[in-house]
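The next block is coords07.txt, given as compact mmCIF, C-alpha atoms and all ligand atoms.
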```txt
# COMPACT_ATOMS: atom_id res chain seq x y z
CA MET X 4 162.57 216.38 228.47
CA THR X 5 162.30 219.16 231.04
CA ARG X 6 164.60 221.93 232.19
CA SER X 7 164.99 223.11 235.79
CA GLY X 8 161.72 224.08 237.45
CA GLY X 9 159.93 221.38 235.40
CA VAL X 10 159.84 223.67 232.34
CA PRO X 11 159.57 221.63 229.10
CA ALA X 12 162.41 222.00 226.60
CA LEU X 13 161.72 224.13 223.54
CA LYS X 14 160.94 221.77 220.66
CA ALA X 15 159.29 223.94 218.01
CA VAL X 16 159.19 227.45 216.59
CA VAL X 17 155.86 228.40 215.02
CA TRP X 18 156.05 231.21 212.46
CA ASP X 19 153.49 233.76 211.43
CA VAL X 20 154.08 234.87 207.81
CA ASP X 21 152.77 238.37 207.03
CA GLY X 22 154.65 241.02 208.97
CA THR X 23 156.81 238.45 210.78
CA MET X 24 158.67 236.58 208.04
CA ALA X 25 158.36 239.49 205.58
CA GLU X 26 156.83 242.95 205.30
CA THR X 27 154.20 241.70 202.86
CA GLU X 28 151.34 244.05 203.59
CA ARG X 29 152.02 247.63 202.40
CA ASP X 30 153.98 246.86 199.23
CA GLY X 31 152.60 243.37 198.61
CA HIS X 32 148.99 242.56 199.49
CA ARG X 33 147.85 246.23 199.49
CA VAL X 34 149.33 246.92 196.06
CA ALA X 35 147.83 243.67 194.74
CA PHE X 36 144.36 244.54 196.13
CA ASN X 37 144.59 247.88 194.33
CA GLN X 38 145.58 246.11 191.11
CA ALA X 39 142.53 243.87 191.51
CA PHE X 40 140.26 246.91 192.03
CA ALA X 41 141.67 248.54 188.88
CA ALA X 42 141.39 245.33 186.83
CA THR X 43 137.67 245.01 187.65
CA ALA X 44 136.94 248.75 187.38
CA VAL X 45 135.92 248.81 191.05
CA PRO X 46 136.07 252.54 191.87
CA TRP X 47 138.21 252.52 194.99
CA GLN X 48 141.82 252.20 196.10
CA TRP X 49 143.31 251.42 199.51
CA SER X 50 145.82 254.02 200.72
CA GLU X 51 148.68 252.98 203.03
CA GLU X 52 146.84 254.59 205.94
CA LEU X 53 143.44 253.04 205.27
CA TYR X 54 145.04 249.64 204.75
CA GLY X 55 146.67 249.94 208.18
CA GLN X 56 143.21 250.37 209.70
CA LEU X 57 141.74 247.54 207.63
CA LEU X 58 144.44 245.14 208.85
CA ARG X 59 142.46 244.85 212.06
CA ILE X 60 140.24 242.55 210.00
CA THR X 61 142.19 239.34 209.46
CA GLY X 62 141.77 237.57 206.13
CA GLY X 63 141.79 239.30 202.76
CA ARG X 64 138.25 238.29 201.75
CA GLU X 65 136.88 239.31 205.15
CA ARG X 66 138.78 242.63 204.84
CA LEU X 67 137.12 243.29 201.47
CA LEU X 68 133.66 242.53 202.85
CA HIS X 69 134.26 244.78 205.84
CA ASP X 70 135.36 247.67 203.62
CA MET X 71 132.35 247.21 201.32
CA GLY X 72 130.15 247.78 204.36
CA ALA X 73 131.39 251.40 204.44
CA ARG X 74 130.99 252.10 200.70
CA ALA X 75 127.73 253.32 199.20
CA CYS X 76 128.87 252.18 195.73
CA ALA X 77 129.40 248.56 196.84
CA PRO X 78 126.79 245.92 195.90
CA GLN X 79 123.87 246.02 198.31
CA ARG X 80 122.88 242.35 198.44
CA PRO X 81 125.09 240.16 200.70
CA ARG X 82 125.26 237.48 197.98
CA ASP X 83 126.59 240.00 195.44
CA ARG X 84 129.11 241.36 197.93
CA GLU X 85 130.33 237.85 198.67
CA ARG X 86 130.70 237.11 194.96
CA LEU X 87 132.64 240.34 194.35
CA ALA X 88 134.86 239.73 197.40
CA ARG X 89 135.73 236.23 196.14
CA LEU X 90 136.55 237.55 192.66
CA LEU X 91 138.69 240.42 193.97
CA HIS X 92 140.47 238.16 196.44
CA ALA X 93 141.35 235.58 193.78
CA LEU X 94 142.63 238.33 191.46
CA LYS X 95 144.57 239.92 194.31
CA ASN X 96 146.29 236.64 195.13
CA GLY X 97 147.38 236.34 191.48
CA PHE X 98 148.83 239.86 191.47
CA TYR X 99 150.49 239.19 194.84
CA GLY X 100 152.11 236.08 193.36
CA ASP X 101 153.53 238.21 190.54
CA ILE X 102 154.93 240.76 193.00
CA VAL X 103 156.70 238.19 195.18
CA SER X 104 157.96 236.11 192.26
CA GLU X 105 159.68 239.25 190.97
CA GLY X 106 161.64 239.28 194.26
CA ARG X 107 160.07 242.54 195.44
CA ILE X 108 159.30 241.28 198.97
CA PRO X 109 162.40 239.95 200.75
CA LEU X 110 162.31 238.04 204.03
CA ARG X 111 163.07 240.23 207.05
CA GLY X 112 166.62 240.29 208.42
CA GLY X 113 167.54 237.39 210.69
CA VAL X 114 164.63 235.21 209.53
CA VAL X 115 166.57 232.78 207.32
CA ASP X 116 169.45 232.62 209.85
CA LEU X 117 167.09 231.61 212.63
CA MET X 118 165.39 229.08 210.36
CA GLN X 119 168.76 227.58 209.42
CA GLU X 120 169.69 227.39 213.09
CA CYS X 121 166.44 225.57 213.90
CA ARG X 122 167.12 223.08 211.10
CA GLU X 123 170.68 222.47 212.25
CA ARG X 124 169.66 222.04 215.89
CA GLY X 125 166.68 219.75 215.24
CA ILE X 126 164.05 222.25 216.38
CA ALA X 127 160.81 221.70 214.47
CA MET X 128 159.30 224.58 212.53
CA ALA X 129 155.70 225.25 211.60
CA ILE X 130 153.61 227.99 210.02
CA ALA X 131 150.44 229.37 211.60
CA THR X 132 148.92 232.01 209.35
CA THR X 133 145.65 233.66 208.45
CA THR X 134 146.86 234.04 204.88
CA SER X 135 145.77 231.83 202.01
CA ARG X 136 148.04 228.86 201.23
CA ILE X 137 148.78 230.11 197.72
CA ASN X 138 150.24 233.33 199.13
CA VAL X 139 152.44 231.46 201.62
CA SER X 140 153.60 229.21 198.83
CA SER X 141 154.41 232.03 196.39
CA LEU X 142 156.33 234.02 199.01
CA LEU X 143 158.36 231.09 200.34
CA HIS X 144 159.00 229.60 196.92
CA ALA X 145 160.45 232.96 195.86
CA THR X 146 162.55 233.40 199.01
CA LEU X 147 163.48 229.93 200.34
CA GLY X 148 163.32 228.02 197.05
CA ALA X 149 161.28 225.20 195.57
CA SER X 150 161.83 222.88 198.56
CA TRP X 151 160.54 225.41 201.11
CA ALA X 152 157.78 223.09 202.37
CA GLN X 153 160.41 220.62 203.62
CA TRP X 154 161.55 223.23 206.14
CA PHE X 155 158.24 223.02 208.02
CA GLN X 156 156.65 220.07 209.81
CA ALA X 157 153.22 221.74 209.75
CA VAL X 158 151.73 224.51 207.61
CA VAL X 159 148.26 225.69 208.64
CA CYS X 160 146.74 228.50 206.57
CA GLY X 161 143.61 230.65 206.38
CA GLU X 162 141.48 228.11 204.51
CA ASP X 163 142.30 225.35 207.02
CA VAL X 164 140.45 227.00 209.89
CA GLN X 165 136.87 227.96 210.70
CA ARG X 166 137.90 231.02 212.70
CA LYS X 167 140.90 233.19 211.82
CA LYS X 168 143.21 234.96 214.27
CA PRO X 169 142.72 236.26 216.97
CA HIS X 170 140.96 232.92 217.50
CA PRO X 171 143.53 230.30 218.59
CA GLU X 172 142.34 227.61 216.13
CA VAL X 173 145.29 227.94 213.73
CA TYR X 174 147.77 227.43 216.59
CA LEU X 175 145.81 224.54 218.09
CA ARG X 176 145.85 222.80 214.70
CA VAL X 177 149.60 223.34 214.35
CA LEU X 178 150.25 221.84 217.79
CA LYS X 179 148.07 218.85 216.94
CA GLN X 180 150.00 218.24 213.72
CA LEU X 181 153.33 218.62 215.52
CA ARG X 182 152.05 216.37 218.34
CA LEU X 183 153.41 218.84 220.86
CA GLY X 184 151.97 220.63 223.85
CA ALA X 185 151.73 224.42 223.85
CA ALA X 186 154.45 224.63 226.51
CA GLU X 187 156.97 223.03 224.11
CA ALA X 188 156.73 225.71 221.43
CA VAL X 189 157.13 229.44 220.90
CA ALA X 190 155.22 231.58 218.42
CA LEU X 191 156.82 234.37 216.38
CA GLU X 192 154.23 237.05 215.63
CA ASP X 193 153.94 240.72 214.72
CA SER X 194 150.30 241.73 215.21
CA PRO X 195 148.03 242.01 218.24
CA ALA X 196 145.58 239.56 216.60
CA GLY X 197 148.37 237.06 215.99
CA ALA X 198 149.85 237.41 219.48
CA THR X 199 146.39 237.02 221.01
CA ALA X 200 145.75 233.85 218.97
CA ALA X 201 149.05 232.25 219.98
CA ALA X 202 148.71 233.23 223.64
CA ALA X 203 145.14 231.92 223.75
CA ALA X 204 146.48 228.56 222.49
CA GLY X 205 148.93 228.62 225.41
CA LEU X 206 152.17 229.40 223.56
CA ALA X 207 154.86 231.83 224.66
CA VAL X 208 154.78 234.62 222.07
CA ILE X 209 157.78 236.50 220.76
CA VAL X 210 156.75 239.66 218.95
CA THR X 211 158.86 241.19 216.19
CA ARG X 212 157.33 244.60 215.57
CA SER X 213 156.40 245.27 211.95
CA ALA X 214 155.68 248.37 209.86
CA TYR X 215 151.93 248.31 210.52
CA PHE X 216 152.17 247.02 214.10
CA ALA X 217 154.76 249.24 215.74
CA ASP X 218 153.06 249.07 219.16
CA SER X 219 153.84 246.09 221.33
CA PRO X 220 150.96 243.86 222.38
CA GLY X 221 150.83 243.16 226.11
CA VAL X 222 150.75 239.36 226.06
CA ALA X 223 154.27 238.63 224.82
CA ALA X 224 157.18 236.71 226.38
CA ALA X 225 159.44 239.15 224.50
CA VAL X 226 158.96 242.12 222.20
CA GLY X 227 161.55 243.64 219.89
CA PRO X 228 162.25 245.39 216.60
CA GLY X 229 163.02 242.25 214.59
CA LEU X 230 165.18 239.14 214.47
CA HIS X 231 167.98 241.07 212.76
CA GLU X 232 169.25 242.79 215.90
CA VAL X 233 169.72 242.17 219.62
CA ALA X 234 169.21 245.84 220.57
CA GLY X 235 165.81 247.12 221.66
CA TRP X 236 164.35 243.91 223.04
CA SER X 237 162.29 243.58 226.18
CA PRO X 238 163.34 241.56 228.15
CA PRO X 239 166.84 242.45 226.93
CA VAL X 240 169.05 239.95 225.12
CA ARG X 241 171.68 238.69 227.55
CA GLY X 242 175.41 238.47 226.89
CA ARG X 243 175.61 240.03 223.40
CA ARG X 244 175.44 243.63 222.21
CA HIS X 245 175.59 242.95 218.47
CA GLY X 246 174.24 240.50 215.98
CA ARG X 247 170.96 238.77 215.36
CA ILE X 248 168.46 236.97 217.57
CA ARG X 249 169.47 233.34 218.09
CA LEU X 250 167.70 230.19 219.12
CA ALA X 251 169.35 230.54 222.55
CA ASP X 252 167.52 233.88 223.02
CA LEU X 253 164.17 232.29 222.11
CA SER X 254 164.92 229.44 224.47
CA ARG X 255 165.72 231.82 227.35
CA TRP X 256 162.56 233.89 226.80
CA HIS X 257 160.54 230.67 226.55
CA TYR X 258 162.02 229.46 229.83
CA SER X 259 161.41 232.74 231.75
CA TRP X 260 157.86 233.02 230.41
CA SER X 261 157.11 229.37 231.33
CA VAL X 262 158.41 229.84 234.88
CA LYS X 263 156.29 232.97 235.30
CA ALA X 264 153.23 231.32 233.76
CA GLY X 265 153.67 228.51 236.30
C1 LIG D 301 147.57 238.03 207.76
C2 LIG D 301 146.27 238.41 207.20
C3 LIG D 301 146.02 238.13 205.77
C4 LIG D 301 146.90 238.93 204.80
C5 LIG D 301 146.46 238.76 203.37
O1 LIG D 301 147.47 237.99 209.17
O2 LIG D 301 145.40 238.91 207.88
O3 LIG D 301 144.68 238.43 205.49
O4 LIG D 301 146.79 240.30 205.11
O5 LIG D 301 146.36 237.41 203.00
P1 LIG D 301 148.54 237.20 210.07
P2 LIG D 301 145.00 236.78 202.39
O6 LIG D 301 149.90 237.73 209.73
O7 LIG D 301 148.16 237.54 211.48
O8 LIG D 301 148.39 235.73 209.79
O9 LIG D 301 144.51 237.73 201.35
O10 LIG D 301 145.44 235.46 201.83
O11 LIG D 301 144.00 236.63 203.52
MG MG D 302 151.35 238.81 210.95
```
What would the structure in this file look like if it were written as structure tokens?
Amino acid sequence: MTRSGGVPALKAVVWDVDGTMAETERDGHRVAFNQAFAATAVPWQWSEELYGQLLRITGGRERLLHDMGARACAPQRPRDRERLARLLHALKNGFYGDIVSEGRIPLRGGVVDLMQECRERGIAMAIATTTSRINVSSLLHATLGASWAQWFQAVVCGEDVQRKKPHPEVYLRVLKQLRLGAAEAVALEDSPAGATAAAAAGLAVIVTRSAYFADSPGVAAAVGPGLHEVAGWSPPVRGRRHGRIRLADLSRWHYSWSVKAG
């Protein structure tokens, strides 16, 4: 089905998890990494500020290896670093699971409403994330309930790809599983790496700014403060001055972006 100008109808919304569905990083993953350091007597901690810089490295294990490169007290041999990174990452994921199962990381405002709207209107949903599957599962089990996986027609995580964001592989795999073309979907992202990955796969990207990524990446079809409010979006939301972002807004941004992209 196409809309005027030959633009394909919007058939799927592809969600990033960290930063987009929930503010998981500062009070979730970062805290859990620090718990893992303490549990193994590794003599360092990641401050909020340092963690913001380290987020440029996508993937928790890769982030650990990168940070070890700057620490004289880290193991010197690559094999030992890799072993330590795997141990710390596994421990971190366990601590992260505890944090989210205690309900300490809620979904961001407007997220569940938009998901419900997609389900009611027959718009497919998928997940495209750099995060490990266990972390997606623990967060969504705690927030959407035990049947969370039924909400999504495709869930592609960090361990399913060779190259993490900003490489487009995760989005290309999602599209393949959905059996849709890039022009039939929009991506919801928060980070420059995520927006770059989705755009490189050919999707229109809608950026909801997050705590660690307050600056708007340049490649987006729309950029705003979050799905909870219509104020502050570029391009602006049409016709409403209050309330949350709706599927109709996504559809309009998708249409305008597709027309411009030709
Ligand atoms: C998320 C990530 C992940 C998380 C931690 O990026 O880069 O590494 O920070 O999860 P995006 P893991 O939101 O762009 O997908 O420790 O499981 O990697
Ligand atoms: Mg993100």
Please build the interface table for chain X against ligand LIG 301 (chain D) with a cut-off of 7 Å, listing for each qualifying residue the nearest atom pair and the distance in Å to one decimal; count all atoms listed in the file, order rows by chain and increasing number, and write it as CSV.
```
residue,atom,partner,partner_atom,distance
X:Asp19,CA,D:LIG301,O6,5.6
X:Val20,CA,D:LIG301,O6,5.4
X:Asp21,CA,D:LIG301,O6,4.0
X:Gly22,CA,D:LIG301,O6,5.8
X:Glu28,CA,D:LIG301,O4,6.1
X:His32,CA,D:LIG301,C5,6.0
X:Leu58,CA,D:LIG301,O2,6.4
X:Ile60,CA,D:LIG301,O2,6.7
X:Thr61,CA,D:LIG301,O2,3.6
X:Gly62,CA,D:LIG301,O3,3.1
X:Gly63,CA,D:LIG301,O9,3.4
X:Arg64,CA,D:LIG301,O11,6.2
X:His92,CA,D:LIG301,O9,6.4
X:Asn96,CA,D:LIG301,O9,6.6
X:Ala131,CA,D:LIG301,O8,6.9
X:Thr132,CA,D:LIG301,O8,3.8
X:Thr133,CA,D:LIG301,O8,3.7
X:Thr134,CA,D:LIG301,O10,3.7
X:Ser135,CA,D:LIG301,O10,3.6
X:Asn138,CA,D:LIG301,O10,5.9
X:Gly161,CA,D:LIG301,O11,6.6
X:Lys168,CA,D:LIG301,O7,6.2
X:Ser194,CA,D:LIG301,O7,6.0
X:Ala196,CA,D:LIG301,O7,6.1
X:Gly197,CA,D:LIG301,O7,4.5
```
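Going from atom CA of Phe98 of chain X over to atom CA of Val34 of chain X, you cover 8.4 Å.
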Which is closer to ligand MG 302 (chain D) than all the others in X:Glu52, X:Asp70, X:Asp193, X:Glu65, using only C-alpha atoms and all ligand atoms?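 That would be X:Asp193, the residue with the smallest distance to ligand MG 302 (chain D).
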So how far away is atom CA of Leu206 of chain X from atom CA of Leu142 of chain X, in Å?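 Result for atom CA of Leu142 of chain X versus atom CA of Leu206 of chain X: 25.3 Å, one decimal.
The shortest atom-to-atom distance to ligand MG 302 (chain D), with all atoms listed in the file taken into account, belongs to X:Arg59 out of X:Arg89, X:Arg59, X:Arg124, X:His245.
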Among the residues X:Ala44, X:Leu191, X:Leu147, X:Ala77, the one that comes closest to ligand MG 302 (chain D) [using only C-alpha atoms and all ligand atoms]: X:Leu191
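Comparing the minimum interatomic distances between ligand MG 302 (chain D) and each of X:Leu253, X:Leu87, X:Ala190, X:Ala127, counting only C-alpha atoms and all ligand atoms, we find that X:Ala190 sits nearest.
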Mind giving me the straight-line distance from atom CA of Val159 of chain X to atom CA of Arg249 of chain X in Å, one decimal?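 These atoms are spaced 24.4 Å apart.
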Proximity to ligand MG 302 (chain D) - best of X:Ser7, X:Ser254, X:Asn37, X:Thr211, only C-alpha atoms and all ligand atoms: X:Thr211
Proximity to ligand MG 302 (chain D) - best of X:Gly9, X:Pro239, X:Pro169, X:Gly125, only C-alpha atoms and all ligand atoms: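 Ranking X:Gly9, X:Pro239, X:Pro169, X:Gly125 by distance to ligand MG 302 (chain D), first place goes to X:Pro169.
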Excluding Ala157 of chain X and residues on its chain fewer than 2 positions from it, collect all residues at most 7 Å away from it, counting all atoms listed in the file, and give them as a VMD selection string. chain X and resid 129 to 130 155 159 177 180 to 181
Excluding Leu68 of chain X and residues on its chain fewer than 4 positions from it, collect all residues at most 7 Å away from it, counting only C-alpha atoms, and give them as a VMD selection string. chain X and resid 64 72 84 88
Please, which residues are within 7 Å of (156.4, 229.4, 218.8) by the file's coordinates, counting all atoms listed in the file, and could they come as a VMD selection string? chain X and resid 15 to 18 188 to 191 206 to 208
Step by step, gather every atom of segment 181-191 of chain X that the file lists, find the box along x, y and z that holds them, add 5 Å on each side, and finally give centre and edge lengths in Å to one decimal, as lines of an AutoDock Vina configuration file.
```
center_x = 154.4
center_y = 225.4
center_z = 221.0
size_x = 15.4
size_y = 28.0
size_z = 21.0
```
